[in-house]
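Peer 1: Following this line is query_27.cif, made up of mmCIF, C-alpha atoms:
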```
data_model
loop_
_atom_site.label_atom_id
_atom_site.label_comp_id
_atom_site.auth_asym_id
_atom_site.auth_seq_id
_atom_site.Cartn_x
_atom_site.Cartn_y
_atom_site.Cartn_z
CA MET A 15 102.12 71.78 88.20
CA LYS A 16 102.03 72.27 91.97
CA GLN A 17 105.47 72.38 93.51
CA THR A 18 105.83 71.11 97.07
CA ASN A 19 109.57 71.67 97.47
CA VAL A 20 110.07 74.82 95.43
CA ALA A 21 113.19 76.82 96.15
CA ILE A 22 112.48 80.47 97.00
CA TRP A 23 115.35 82.94 97.09
CA GLY A 24 115.79 86.55 98.07
CA HIS A 25 114.89 88.50 101.18
CA VAL A 26 111.96 90.06 103.02
CA GLU A 27 112.30 92.83 105.60
CA PRO A 28 110.59 92.45 108.99
CA GLY A 29 106.91 93.31 108.70
CA PHE A 30 106.57 91.97 105.17
CA GLU A 31 106.75 88.24 105.89
CA ALA A 32 103.18 87.79 104.64
CA VAL A 33 104.37 88.56 101.15
CA ARG A 34 106.78 85.65 101.22
CA GLU A 35 104.08 83.32 102.53
CA ALA A 36 101.74 84.36 99.72
CA PHE A 37 104.55 83.99 97.20
CA VAL A 38 105.27 80.44 98.36
CA GLU A 39 101.58 79.54 98.27
CA ASN A 40 101.53 80.67 94.69
CA PHE A 41 103.67 77.62 93.89
CA THR A 42 102.30 75.10 96.38
CA ARG A 43 98.61 75.83 95.78
CA ARG A 44 98.24 77.71 92.51
CA ASN A 45 100.34 75.83 89.97
CA GLU A 46 103.02 78.46 89.51
CA LEU A 47 106.17 77.53 87.62
CA GLY A 48 108.43 80.52 88.18
CA ALA A 49 107.99 84.10 89.33
CA ALA A 50 109.52 87.16 90.96
CA CYS A 51 108.13 89.83 93.26
CA CYS A 52 109.72 93.09 94.40
CA ILE A 53 108.45 95.84 96.69
CA TYR A 54 109.90 99.25 97.51
CA TYR A 55 108.66 101.10 100.58
CA ARG A 56 109.57 104.77 100.96
CA GLY A 57 112.38 104.33 98.49
CA GLU A 58 113.88 101.26 100.15
CA LYS A 59 113.67 97.72 98.81
CA VAL A 60 111.82 95.64 101.41
CA VAL A 61 110.86 92.57 99.36
CA ASP A 62 112.90 90.91 96.65
CA LEU A 63 111.85 87.33 95.91
CA TRP A 64 112.24 84.88 93.06
CA GLY A 65 111.77 81.16 92.72
CA GLY A 66 110.65 78.17 90.72
CA ILE A 67 111.83 77.38 87.22
CA ARG A 68 112.21 79.55 84.15
CA ASN A 69 111.89 76.72 81.63
CA LYS A 70 109.50 73.82 82.13
CA GLN A 71 111.20 71.61 79.54
CA THR A 72 114.72 71.91 80.98
CA CYS A 73 113.77 72.65 84.62
CA GLU A 74 116.38 75.41 84.69
CA PRO A 75 115.82 77.54 87.81
CA TRP A 76 114.48 81.05 87.93
CA GLU A 77 117.49 83.07 89.00
CA GLU A 78 118.09 86.49 90.45
CA ASP A 79 118.67 88.07 87.04
CA THR A 80 116.04 86.13 85.07
CA MET A 81 114.00 88.38 82.81
CA VAL A 82 110.57 87.82 81.25
CA ILE A 83 108.27 89.59 78.82
CA VAL A 84 105.60 91.58 80.69
CA PHE A 85 103.27 92.33 77.77
CA SER A 86 101.01 95.32 78.51
CA ALA A 87 102.81 96.15 81.76
CA THR A 88 105.32 97.62 79.29
CA LYS A 89 102.86 100.49 78.84
CA GLY A 90 103.72 101.66 82.34
CA LEU A 91 107.43 101.92 81.57
CA SER A 92 106.65 103.73 78.32
CA GLY A 93 104.40 106.02 80.32
CA LEU A 94 107.29 106.82 82.67
CA ALA A 95 109.45 107.72 79.66
CA MET A 96 106.74 110.05 78.37
CA ALA A 97 106.34 111.60 81.81
CA LEU A 98 110.07 112.28 82.00
CA ALA A 99 109.97 113.95 78.58
CA ASN A 100 107.06 116.09 79.76
CA SER A 101 108.95 117.00 82.92
CA ARG A 102 111.85 118.19 80.80
CA GLY A 103 109.61 120.47 78.79
CA LEU A 104 109.57 118.49 75.53
CA PHE A 105 105.77 118.57 75.23
CA ASP A 106 102.56 119.58 76.99
CA TYR A 107 100.03 116.83 77.74
CA ASP A 108 97.15 119.14 76.73
CA GLU A 109 98.69 120.28 73.45
CA ARG A 110 97.56 118.94 70.09
CA ILE A 111 99.80 116.19 68.73
CA SER A 112 99.87 117.88 65.33
CA LYS A 113 101.76 120.82 66.83
CA TYR A 114 104.79 118.58 67.27
CA TRP A 115 104.06 116.17 64.43
CA PRO A 116 102.37 118.02 61.52
CA GLU A 117 101.81 114.91 59.38
CA PHE A 118 99.67 113.46 62.16
CA ALA A 119 96.90 115.94 61.28
CA GLN A 120 95.80 113.80 58.32
CA GLN A 121 92.38 112.13 58.31
CA GLY A 122 90.81 114.50 60.83
CA LYS A 123 93.37 113.97 63.59
CA ASP A 124 94.45 117.61 63.83
CA LYS A 125 92.62 118.26 67.12
CA ILE A 126 93.65 115.13 69.03
CA THR A 127 95.59 116.01 72.17
CA ILE A 128 98.38 114.04 73.76
CA ARG A 129 96.19 113.54 76.83
CA GLN A 130 93.44 111.97 74.71
CA LEU A 131 95.89 109.64 72.99
CA LEU A 132 97.40 108.46 76.28
CA ALA A 133 93.89 107.86 77.69
CA HIS A 134 92.94 105.53 74.80
CA GLN A 135 90.41 108.10 73.55
CA ALA A 136 91.94 108.92 70.15
CA GLY A 137 90.14 106.25 68.11
CA LEU A 138 93.46 104.85 66.90
CA PHE A 139 93.26 101.39 68.43
CA ALA A 140 93.86 99.55 65.12
CA PHE A 141 95.50 99.97 61.72
CA ASP A 142 93.79 99.72 58.34
CA GLU A 143 97.05 99.00 56.57
CA ILE A 144 98.53 95.54 56.83
CA GLY A 145 102.09 95.36 58.07
CA ASP A 146 104.71 93.07 59.55
CA LYS A 147 107.97 93.18 61.48
CA SER A 148 109.76 94.89 58.61
CA ILE A 149 107.54 97.97 58.94
CA ILE A 150 107.78 98.06 62.71
CA SER A 151 111.56 97.84 62.46
CA ASP A 152 111.64 100.80 60.03
CA ILE A 153 110.46 103.68 62.19
CA ASP A 154 110.30 106.12 59.28
CA ARG A 155 107.96 103.83 57.31
CA LEU A 156 106.00 103.16 60.47
CA ALA A 157 105.55 106.90 61.03
CA GLU A 158 103.94 107.22 57.61
CA VAL A 159 101.47 104.44 58.41
CA LEU A 160 100.65 106.04 61.76
CA ALA A 161 100.05 109.45 60.18
CA ARG A 162 97.72 108.05 57.50
CA GLN A 163 95.47 106.19 59.91
CA LYS A 164 91.92 107.48 60.24
CA PRO A 165 90.31 107.45 63.71
CA ALA A 166 87.58 104.84 64.17
CA TYR A 167 85.39 107.35 65.99
CA GLU A 168 85.40 111.02 66.91
CA PRO A 169 88.34 111.49 69.31
CA GLY A 170 87.35 112.27 72.87
CA THR A 171 83.90 110.74 72.64
CA ARG A 172 84.66 107.21 73.83
CA GLN A 173 87.38 104.92 75.09
CA VAL A 174 88.68 101.85 73.26
CA TYR A 175 91.82 100.12 74.49
CA HIS A 176 94.80 100.94 72.23
CA GLY A 177 96.38 97.59 73.06
CA ILE A 178 99.31 97.67 70.65
CA THR A 179 99.07 100.94 68.74
CA LEU A 180 99.52 103.28 71.70
CA GLY A 181 103.24 102.64 72.07
CA TYR A 182 103.97 103.27 68.39
CA TYR A 183 102.24 106.66 68.56
CA GLU A 184 104.05 107.52 71.79
CA SER A 185 107.37 106.63 70.24
CA GLU A 186 106.91 108.71 67.10
CA LEU A 187 105.69 111.69 69.11
CA LEU A 188 108.74 111.44 71.34
CA ARG A 189 111.00 111.24 68.30
CA ARG A 190 109.50 114.50 67.05
CA VAL A 191 110.21 116.41 70.25
CA ASP A 192 113.48 114.81 71.37
CA PRO A 193 116.52 116.77 70.13
CA LYS A 194 118.29 113.44 69.56
CA ARG A 195 115.31 111.95 67.66
CA ARG A 196 115.29 108.81 69.81
CA SER A 197 112.54 106.21 69.86
CA ILE A 198 110.76 105.64 73.16
CA GLY A 199 112.74 102.45 73.74
CA GLN A 200 116.05 104.23 73.31
CA TYR A 201 114.88 107.21 75.35
CA PHE A 202 113.83 104.92 78.19
CA GLN A 203 117.16 103.12 78.05
CA ASP A 204 119.26 106.30 78.01
CA GLU A 205 117.30 108.46 80.43
CA ILE A 206 115.74 106.01 82.92
CA ALA A 207 117.17 102.48 82.72
CA ALA A 208 120.85 103.43 82.46
CA PRO A 209 120.87 106.11 85.21
CA LEU A 210 118.94 103.84 87.58
CA GLY A 211 120.71 100.60 86.61
CA LEU A 212 117.54 98.81 85.56
CA ASP A 213 117.41 95.37 83.95
CA PHE A 214 114.50 96.28 81.71
CA TYR A 215 114.34 96.80 77.95
CA ILE A 216 111.57 98.06 75.72
CA ARG A 217 113.81 96.90 72.88
CA LEU A 218 115.75 93.80 73.91
CA PRO A 219 119.37 94.04 72.65
CA GLU A 220 121.30 91.31 70.89
CA GLU A 221 123.75 90.79 73.75
CA ILE A 222 121.13 89.43 76.18
CA PRO A 223 121.57 85.62 76.13
CA ASN A 224 118.65 83.19 76.09
CA LYS A 225 119.77 81.73 79.41
CA ARG A 226 118.57 84.89 81.14
CA LEU A 227 115.06 84.68 79.66
CA ALA A 228 112.03 82.84 81.02
CA THR A 229 110.08 80.85 78.48
CA LEU A 230 106.31 81.00 78.14
CA GLN A 231 104.24 78.01 79.23
CA LYS A 232 100.71 77.42 78.09
CA ALA A 233 98.13 76.84 80.80
CA ASN A 234 94.83 74.97 80.97
CA TYR A 235 92.79 76.44 78.13
CA ALA A 236 89.55 74.77 79.17
CA ARG A 237 89.40 76.94 82.30
CA ALA A 238 89.75 80.16 80.36
CA ILE A 239 86.12 80.33 79.32
CA PHE A 240 85.06 80.54 82.97
CA THR A 241 87.37 83.41 83.94
CA VAL A 242 86.52 86.18 81.47
CA PRO A 243 83.32 88.25 81.30
CA ILE A 244 80.80 86.91 78.78
CA SER A 245 80.75 90.23 76.89
CA PHE A 246 84.51 90.04 76.46
CA PHE A 247 84.34 86.39 75.43
CA LEU A 248 81.78 87.14 72.75
CA ALA A 249 83.92 89.99 71.44
CA THR A 250 86.93 87.72 71.08
CA ILE A 251 85.11 85.38 68.72
CA ASN A 252 84.03 88.25 66.48
CA PRO A 253 86.78 88.87 63.89
CA ARG A 254 85.60 92.46 63.49
CA SER A 255 85.54 93.30 67.19
CA ALA A 256 87.63 96.08 68.67
CA ILE A 257 89.59 93.72 70.92
CA ARG A 258 90.60 91.49 68.00
CA LYS A 259 91.82 94.55 66.12
CA ALA A 260 93.46 96.11 69.17
CA LEU A 261 95.53 93.00 69.89
CA ALA A 262 96.69 92.42 66.35
CA GLY A 263 100.47 92.09 66.42
CA SER A 264 100.63 91.26 70.11
CA LEU A 265 102.80 88.19 69.52
CA LEU A 266 105.40 89.94 67.40
CA PRO A 267 107.87 90.22 70.34
CA LEU A 268 108.02 86.41 70.61
CA ASP A 269 110.64 84.40 68.75
CA LYS A 270 110.62 80.60 68.41
CA GLU A 271 114.40 80.36 68.26
CA ARG A 272 115.44 83.07 70.70
CA ILE A 273 112.43 83.18 73.06
CA TYR A 274 111.99 86.93 72.51
CA ALA A 275 112.83 89.01 69.45
CA ARG A 276 115.93 91.21 69.61
CA ASN A 277 116.07 94.82 68.46
CA LEU A 278 112.32 94.97 67.89
CA GLU A 279 110.44 97.73 69.64
CA VAL A 280 106.83 97.10 70.65
CA PRO A 281 106.39 99.80 73.33
CA SER A 282 102.89 98.69 74.34
CA GLY A 283 103.62 95.03 74.90
CA GLY A 284 107.17 93.90 74.21
CA GLY A 285 109.09 94.97 77.30
CA VAL A 286 111.40 92.40 78.90
CA GLY A 287 112.95 92.71 82.34
CA THR A 288 112.91 91.85 86.03
CA ALA A 289 110.37 92.59 88.74
CA ARG A 290 113.17 94.40 90.57
CA ALA A 291 113.67 96.81 87.68
CA ILE A 292 109.99 97.66 87.39
CA ALA A 293 109.68 98.21 91.13
CA HIS A 294 112.75 100.44 91.22
CA ALA A 295 111.52 102.58 88.32
CA TYR A 296 108.12 103.15 89.90
CA SER A 297 109.73 103.75 93.28
CA VAL A 298 111.71 106.67 91.92
CA PHE A 299 108.53 108.28 90.63
CA ALA A 300 106.60 107.46 93.82
CA THR A 301 109.19 109.15 96.02
CA GLY A 302 109.52 112.38 94.07
CA GLY A 303 111.86 111.51 91.23
CA LYS A 304 114.89 113.43 92.47
CA GLU A 305 117.23 110.90 90.81
CA LEU A 306 115.81 111.99 87.44
CA ASP A 307 115.16 115.66 88.32
CA LEU A 308 111.43 115.24 87.82
CA ARG A 309 109.26 118.31 88.20
CA GLU A 310 106.56 118.17 90.86
CA GLU A 311 104.02 119.40 88.31
CA THR A 312 104.50 116.29 86.21
CA LEU A 313 104.09 114.05 89.27
CA ARG A 314 100.96 115.97 90.19
CA GLN A 315 99.50 115.28 86.76
CA LEU A 316 100.31 111.58 87.02
CA MET A 317 98.42 111.45 90.32
CA ALA A 318 95.44 113.47 89.08
CA GLN A 319 92.08 111.86 88.39
CA PRO A 320 91.54 110.75 84.79
CA VAL A 321 89.39 112.76 82.40
CA ALA A 322 86.44 110.72 81.12
CA PRO A 323 85.46 110.74 77.44
CA MET A 324 81.96 111.87 76.48
CA HIS A 325 80.47 108.38 76.86
CA GLY A 326 82.27 107.41 80.06
CA PHE A 327 85.00 104.94 81.03
CA ARG A 328 83.41 101.73 79.75
CA ASP A 329 85.98 100.44 77.32
CA GLY A 330 84.75 99.42 73.88
CA ALA A 331 87.36 96.66 73.57
CA LEU A 332 87.76 95.35 77.11
CA LYS A 333 84.01 95.58 77.84
CA GLU A 334 84.71 96.85 81.34
CA ASP A 335 84.86 100.18 83.12
CA ILE A 336 88.55 100.95 83.38
CA ARG A 337 90.29 104.30 83.76
CA PHE A 338 93.31 105.37 81.76
CA SER A 339 95.37 108.52 82.12
CA LEU A 340 98.70 109.66 80.66
CA GLY A 341 99.59 106.14 79.54
CA PHE A 342 98.71 104.41 82.82
CA VAL A 343 95.81 102.56 84.42
CA LYS A 344 94.25 104.40 87.35
CA PRO A 345 92.39 102.90 90.32
CA GLY A 346 88.64 102.61 89.88
CA LEU A 347 85.64 100.70 91.20
CA ASN A 348 86.59 97.65 89.18
CA ASN A 349 90.30 97.74 90.00
CA PRO A 350 90.96 99.54 93.31
CA PHE A 351 94.65 98.70 93.42
CA GLY A 352 95.77 101.61 95.56
CA HIS A 353 95.27 105.21 96.61
CA PRO A 354 93.28 107.22 94.01
CA GLY A 355 96.52 108.91 92.96
CA SER A 356 98.22 105.61 92.08
CA PHE A 357 99.29 104.89 88.52
CA GLY A 358 100.61 101.74 86.87
CA ALA A 359 99.96 99.06 84.28
CA PRO A 360 99.02 95.37 84.34
CA GLY A 361 99.92 92.93 81.61
CA PHE A 362 98.49 89.68 80.30
CA GLY A 363 100.13 86.82 82.10
CA GLY A 364 99.89 88.42 85.54
CA SER A 365 102.61 91.08 85.50
CA PHE A 366 101.72 94.32 87.26
CA GLY A 367 103.63 97.31 88.55
CA PHE A 368 102.45 100.62 89.99
CA ALA A 369 103.41 103.60 92.11
CA ASP A 370 101.42 104.94 95.03
CA ARG A 371 102.54 108.15 96.71
CA GLY A 372 100.01 108.05 99.51
CA GLY A 373 97.24 106.10 101.17
CA GLN A 374 96.94 102.37 101.65
CA ASN A 375 98.26 99.90 99.11
CA ARG A 376 97.41 96.35 98.22
CA ILE A 377 98.92 93.26 96.70
CA TRP A 378 96.72 90.80 94.84
CA VAL A 379 97.41 87.10 94.98
CA ARG A 380 95.33 85.20 92.41
CA PRO A 381 94.69 81.47 92.68
CA GLN A 382 94.12 81.00 88.94
CA PRO A 383 96.92 81.20 86.37
CA ALA A 384 96.37 84.88 85.72
CA GLY A 385 97.27 84.88 82.06
CA TYR A 386 93.66 84.27 81.18
CA VAL A 387 92.02 86.36 83.89
CA LEU A 388 90.99 89.66 82.34
CA TYR A 389 92.14 92.51 84.53
CA GLY A 390 89.07 93.91 86.26
CA SER A 391 86.78 91.07 85.15
CA THR A 392 83.50 90.43 86.94
CA ARG A 393 84.69 87.19 88.53
CA TYR A 394 87.86 88.79 89.79
CA ARG A 395 86.08 91.91 91.01
CA ILE A 396 83.48 90.00 93.03
CA ALA A 397 86.11 87.76 94.56
CA HIS A 398 88.27 90.72 95.43
CA ARG A 399 85.46 92.58 97.14
CA ASN A 400 84.43 89.56 99.17
CA VAL A 401 87.86 88.68 100.51
CA PRO A 402 89.46 91.76 102.05
CA PHE A 403 92.32 90.50 104.14
CA ASP A 404 94.66 92.20 106.55
CA TRP A 405 98.28 91.06 106.41
CA ARG A 406 98.27 90.47 110.16
CA ASP A 407 95.40 87.94 109.86
CA ARG A 408 95.86 85.35 107.12
CA SER A 409 93.00 83.06 108.16
CA VAL A 410 90.73 84.21 105.35
CA SER A 411 93.25 83.51 102.60
CA ARG A 412 93.88 79.96 103.77
CA LYS A 413 90.21 79.07 103.63
CA SER A 414 89.21 80.96 100.54
CA ASN A 415 89.41 79.99 96.90
CA CYS A 416 89.28 83.65 95.88
CA PRO A 417 92.00 86.25 95.32
CA CYS A 418 93.38 87.59 98.57
CA LEU A 419 93.95 91.22 99.41
CA ILE A 420 96.92 92.15 101.56
CA ASN A 421 96.89 95.61 103.08
CA PHE A 422 100.07 97.53 103.82
CA PRO A 423 99.92 100.97 105.44
CA GLU A 424 101.52 103.75 103.37
CA LEU A 425 103.31 101.41 100.99
CA ASP A 426 104.50 103.70 98.24
CA ILE A 427 105.51 101.35 95.44
CA PHE A 428 105.60 97.78 94.42
CA THR A 429 105.42 95.52 91.47
CA ILE A 430 104.19 91.98 91.77
CA ARG A 431 104.70 89.45 89.02
CA ILE A 432 102.96 86.20 89.75
CA HIS A 433 101.85 83.67 87.09
CA PHE A 434 103.35 85.88 84.40
CA TYR A 435 104.46 83.35 81.88
CA ARG A 436 101.35 81.27 81.61
CA ILE A 437 99.34 82.23 78.54
CA THR A 438 98.68 85.38 76.59
CA LEU A 439 95.15 86.28 75.61
CA ALA A 440 96.14 85.92 71.98
CA GLU A 441 97.35 82.34 72.55
CA PHE A 442 94.12 81.51 74.33
CA LEU A 443 92.11 82.75 71.37
CA ILE A 444 94.26 80.82 68.92
CA LYS A 445 93.94 77.41 70.54
CA TYR A 446 90.79 77.46 72.62
CA LEU A 447 88.43 79.17 70.20
CA HIS A 448 89.99 77.60 67.11
CA CYS A 449 89.46 80.85 65.22
CA GLN A 450 90.80 80.18 61.77
CA GLY A 451 93.16 82.89 60.63
CA ILE A 452 93.57 84.61 63.98
CA LYS A 453 97.12 83.32 64.40
CA ASP A 454 98.11 84.95 61.13
CA LEU A 455 96.31 88.10 62.24
CA MET A 456 98.24 88.21 65.50
CA LEU A 457 101.63 87.33 64.05
CA ASN A 458 101.55 88.91 60.62
CA GLY A 459 98.47 91.08 60.48
CA PRO A 460 97.90 94.79 61.09
CA LEU A 461 100.63 96.40 63.13
#
```
Now, as a test, write the supplied structure out as structure tokens.
Peer 2:
Amino acid sequence: MKQTNVAIWGHVEPGFEAVREAFVENFTRRNELGAACCIYYRGEKVVDLWGGIRNKQTCEPWEEDTMVIVFSATKGLSGLAMALANSRGLFDYDERISKYWPEFAQQGKDKITIRQLLAHQAGLFAFDEIGDKSIISDIDRLAEVLARQKPAYEPGTRQVYHGITLGYYESELLRRVDPKRRSIGQYFQDEIAAPLGLDFYIRLPEEIPNKRLATLQKANYARAIFTVPISFFLATINPRSAIRKALAGSLLPLDKERIYARNLEVPSGGGVGTARAIAHAYSVFATGGKELDLREETLRQLMAQPVAPMHGFRDGALKEDIRFSLGFVKPGLNNPFGHPGSFGAPGFGGSFGFADRGGQNRIWVRPQPAGYVLYGSTRYRIAHRNVPFDWRDRSVSRKSNCPCLINFPELDIFTIRIHFYRITLAEFLIKYLHCQGIKDLMLNGPL
């Protein structure tokens, strides 16, 4: 659905006009329906754009306060909550989890460190026990399931994407060290969102009306097969694969009647909010965190290079080399999104936010509906490398059918959310591959 007369609202500071041009092209050339993009530079908001529609059926416009689910980009906000707790002395990243949560030591997990868990190296990417929303909503019952889980491999030896499970483990760990025993969603709301005035929720409250929420729109499934690496595609059709297990429960935050579920906390993939909120949160961390009294030592650890597991960074679920550290994605050869010290999180559907405290930063503009473009995939990586593009010279982007790269000197923070309500990977698997039973697995299967 290309839009030739799309209404774009917001503002762009002088020097960042190329962002608006790319944002508009996202609608006129790349079939976008609705989106928002926000950039902070040295603590100041320099880009704040939104446009298109939030509901294809009703054609209701995307407005300034429209919120949308960001799927795995939620991991970044959960990571910020964990970093704040670390900064306040509630735990040490290199300490064993069992020190703070004794029951976690079951099934050979006694030596797993917090750093290993947050780097997707704990072997806890799936659950053996079947569960549903009732277990997730009961955090005490959920804690028992988490504690009983046996690692799939020796922790620290390899990396397998903890697509959904990571947030549940983060939340229970935080509950154990927080004097108020808050979940990660509540901690984020009380200690980050409320002080900074952010329109972002890890657990969407009842009072948020449907009229503020963008609906999800399915994209062209036939194109999906051509935009993911073959190794990843083959894994998705294997019901026993790590990625199938890691994504089980990824659709739980969705609700047919209310768009998104209320009062349900899925800290790895259920966050709902605005691009502006994500950008602001990362900006505070990128500029030193004085608003939250962050310790420099915590910021230093967030910027540090990730620690590889014994068998390297190739992920057993994503089938790509990707670097994780302290709950965030880090720049690497396959995803050089900023200075080596940058940290952030992408999400299925095209959402992405990160902080960069130094060096040169980049914004990606993808011509395909990004919901079915695997982050860091071979196609995307090759296209990205072949089309470097300075923001002062847009000739390459206008001629190319590949993702464009816009360079900004010393840009310290941004989040860009383009194409983000197209199609989740789980939805693609359900319809395109016709995998019998996978819908039940995603909606009602293992946590």
Peer 1: What does the distance from atom CA of Ser339 of chain A to atom CA of Ser255 of chain A come to in Å, to one decimal?
Peer 2: 23.5 Å
Peer 1: With only C-alpha atoms as the counted atoms, please give the residues lying no more than 12 Å from Lys333 of chain A, apart from itself and same-chain residues fewer than 2 positions off, as an NGL selection string.
Peer 2: :A and (173-175 or 242-250 or 255-257 or 327-331 or 335-336 or 348 or 388-392)
Peer 1: Can you write out the residues you just picked, keeping C-alpha atoms, as a compact mmCIF listing (two decimals), keeping the file's coordinate frame?
Peer 2:
```txt
# COMPACT_ATOMS: atom_id res chain seq x y z
CA GLN A 173 87.38 104.92 75.09
CA VAL A 174 88.68 101.85 73.26
CA TYR A 175 91.82 100.12 74.49
CA VAL A 242 86.52 86.18 81.47
CA PRO A 243 83.32 88.25 81.30
CA ILE A 244 80.80 86.91 78.78
CA SER A 245 80.75 90.23 76.89
CA PHE A 246 84.51 90.04 76.46
CA PHE A 247 84.34 86.39 75.43
CA LEU A 248 81.78 87.14 72.75
CA ALA A 249 83.92 89.99 71.44
CA THR A 250 86.93 87.72 71.08
CA SER A 255 85.54 93.30 67.19
CA ALA A 256 87.63 96.08 68.67
CA ILE A 257 89.59 93.72 70.92
CA PHE A 327 85.00 104.94 81.03
CA ARG A 328 83.41 101.73 79.75
CA ASP A 329 85.98 100.44 77.32
CA GLY A 330 84.75 99.42 73.88
CA ALA A 331 87.36 96.66 73.57
CA ASP A 335 84.86 100.18 83.12
CA ILE A 336 88.55 100.95 83.38
CA ASN A 348 86.59 97.65 89.18
CA LEU A 388 90.99 89.66 82.34
CA TYR A 389 92.14 92.51 84.53
CA GLY A 390 89.07 93.91 86.26
CA SER A 391 86.78 91.07 85.15
CA THR A 392 83.50 90.43 86.94
```
Peer 1: Write out as a VMD selection string each polymer residue whose atoms come within 12 Å of Leu138 of chain A, counting all atoms listed in the file; drop sequence neighbours fewer than 4 positions from it.
Peer 2: chain A and resid 118 121 to 123 126 130 to 134 142 159 to 170 172 to 184 256 259 to 260 461
Peer 1: Env of Asp79 of chain A: 9 Å cut, atoms = all atoms listed in the file, seq-sep filter 4 positions within chain, self excluded. Answer as a PyMOL selection string.
Peer 2: chain A and resi 213+226-227+287-288
Peer 1: Using C-alpha atoms, can you export the residues from the last selection as a PDB file, keeping the file's coordinate frame?
Peer 2:
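Saved to again-v7.pdb:
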```pdb
ATOM      1  CA  ASP A 213     117.410  95.370  83.950  1.00  0.00           C
ATOM      2  CA  ARG A 226     118.570  84.890  81.140  1.00  0.00           C
ATOM      3  CA  LEU A 227     115.060  84.680  79.660  1.00  0.00           C
ATOM      4  CA  GLY A 287     112.950  92.710  82.340  1.00  0.00           C
ATOM      5  CA  THR A 288     112.910  91.850  86.030  1.00  0.00           C
TER       6      THR A 288
END
```
Peer 1: Which is closest to Leu266 of chain A among A:Arg68, A:Lys232, A:Arg190, A:Lys147, if we use only C-alpha atoms?
Peer 2: A:Lys147
Peer 1: As a check of understanding, name the residues that the PyMOL selection byres ((chain A and resi 188) around 12) selects in the supplied structure, as a PDB file with C-alpha atoms, in the frame of the given file.
Peer 2:
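File selection.pdb, as written:
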```pdb
ATOM      1  CA  SER A  92     106.650 103.730  78.320  1.00  0.00           C
ATOM      2  CA  GLY A  93     104.400 106.020  80.320  1.00  0.00           C
ATOM      3  CA  ALA A  95     109.450 107.720  79.660  1.00  0.00           C
ATOM      4  CA  MET A  96     106.740 110.050  78.370  1.00  0.00           C
ATOM      5  CA  ALA A  97     106.340 111.600  81.810  1.00  0.00           C
ATOM      6  CA  LEU A  98     110.070 112.280  82.000  1.00  0.00           C
ATOM      7  CA  ALA A  99     109.970 113.950  78.580  1.00  0.00           C
ATOM      8  CA  ASN A 100     107.060 116.090  79.760  1.00  0.00           C
ATOM      9  CA  GLY A 103     109.610 120.470  78.790  1.00  0.00           C
ATOM     10  CA  LEU A 104     109.570 118.490  75.530  1.00  0.00           C
ATOM     11  CA  PHE A 105     105.770 118.570  75.230  1.00  0.00           C
ATOM     12  CA  ASP A 106     102.560 119.580  76.990  1.00  0.00           C
ATOM     13  CA  ILE A 111      99.800 116.190  68.730  1.00  0.00           C
ATOM     14  CA  TYR A 114     104.790 118.580  67.270  1.00  0.00           C
ATOM     15  CA  TRP A 115     104.060 116.170  64.430  1.00  0.00           C
ATOM     16  CA  ILE A 128      98.380 114.040  73.760  1.00  0.00           C
ATOM     17  CA  ALA A 157     105.550 106.900  61.030  1.00  0.00           C
ATOM     18  CA  GLY A 181     103.240 102.640  72.070  1.00  0.00           C
ATOM     19  CA  TYR A 182     103.970 103.270  68.390  1.00  0.00           C
ATOM     20  CA  TYR A 183     102.240 106.660  68.560  1.00  0.00           C
ATOM     21  CA  GLU A 184     104.050 107.520  71.790  1.00  0.00           C
ATOM     22  CA  SER A 185     107.370 106.630  70.240  1.00  0.00           C
ATOM     23  CA  GLU A 186     106.910 108.710  67.100  1.00  0.00           C
ATOM     24  CA  LEU A 187     105.690 111.690  69.110  1.00  0.00           C
ATOM     25  CA  ARG A 189     111.000 111.240  68.300  1.00  0.00           C
ATOM     26  CA  ARG A 190     109.500 114.500  67.050  1.00  0.00           C
ATOM     27  CA  VAL A 191     110.210 116.410  70.250  1.00  0.00           C
ATOM     28  CA  ASP A 192     113.480 114.810  71.370  1.00  0.00           C
ATOM     29  CA  PRO A 193     116.520 116.770  70.130  1.00  0.00           C
ATOM     30  CA  LYS A 194     118.290 113.440  69.560  1.00  0.00           C
ATOM     31  CA  ARG A 195     115.310 111.950  67.660  1.00  0.00           C
ATOM     32  CA  ARG A 196     115.290 108.810  69.810  1.00  0.00           C
ATOM     33  CA  SER A 197     112.540 106.210  69.860  1.00  0.00           C
ATOM     34  CA  ILE A 198     110.760 105.640  73.160  1.00  0.00           C
ATOM     35  CA  GLY A 199     112.740 102.450  73.740  1.00  0.00           C
ATOM     36  CA  GLN A 200     116.050 104.230  73.310  1.00  0.00           C
ATOM     37  CA  TYR A 201     114.880 107.210  75.350  1.00  0.00           C
ATOM     38  CA  PHE A 202     113.830 104.920  78.190  1.00  0.00           C
TER      39      PHE A 202
END
```
Peer 1: Could you work out how far atom CA of Tyr107 of chain A lies from atom CA of Arg129 of chain A, giving the answer in Å with one decimal?
Peer 2: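 So the two atoms, atom CA of Arg129 of chain A and atom CA of Tyr107 of chain A, lie 5.1 Å apart.
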Peer 1: Around all of segment 343-358 of chain A's listed atoms, make the axis-aligned box with 3 Å on each side and tell me centre and edge lengths in Å to one decimal, as lines of an AutoDock Vina configuration file.
Peer 2:
```
center_x = 93.1
center_y = 103.3
center_z = 90.5
size_x = 21.0
size_y = 17.3
size_z = 18.2
```
Peer 1: Could you state the separation of atom CA of Asn69 of chain A and atom CA of Tyr54 of chain A in Å, given to one decimal place?
Peer 2: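 About the pair atom CA of Asn69 of chain A and atom CA of Tyr54 of chain A: they are 27.6 Å apart.
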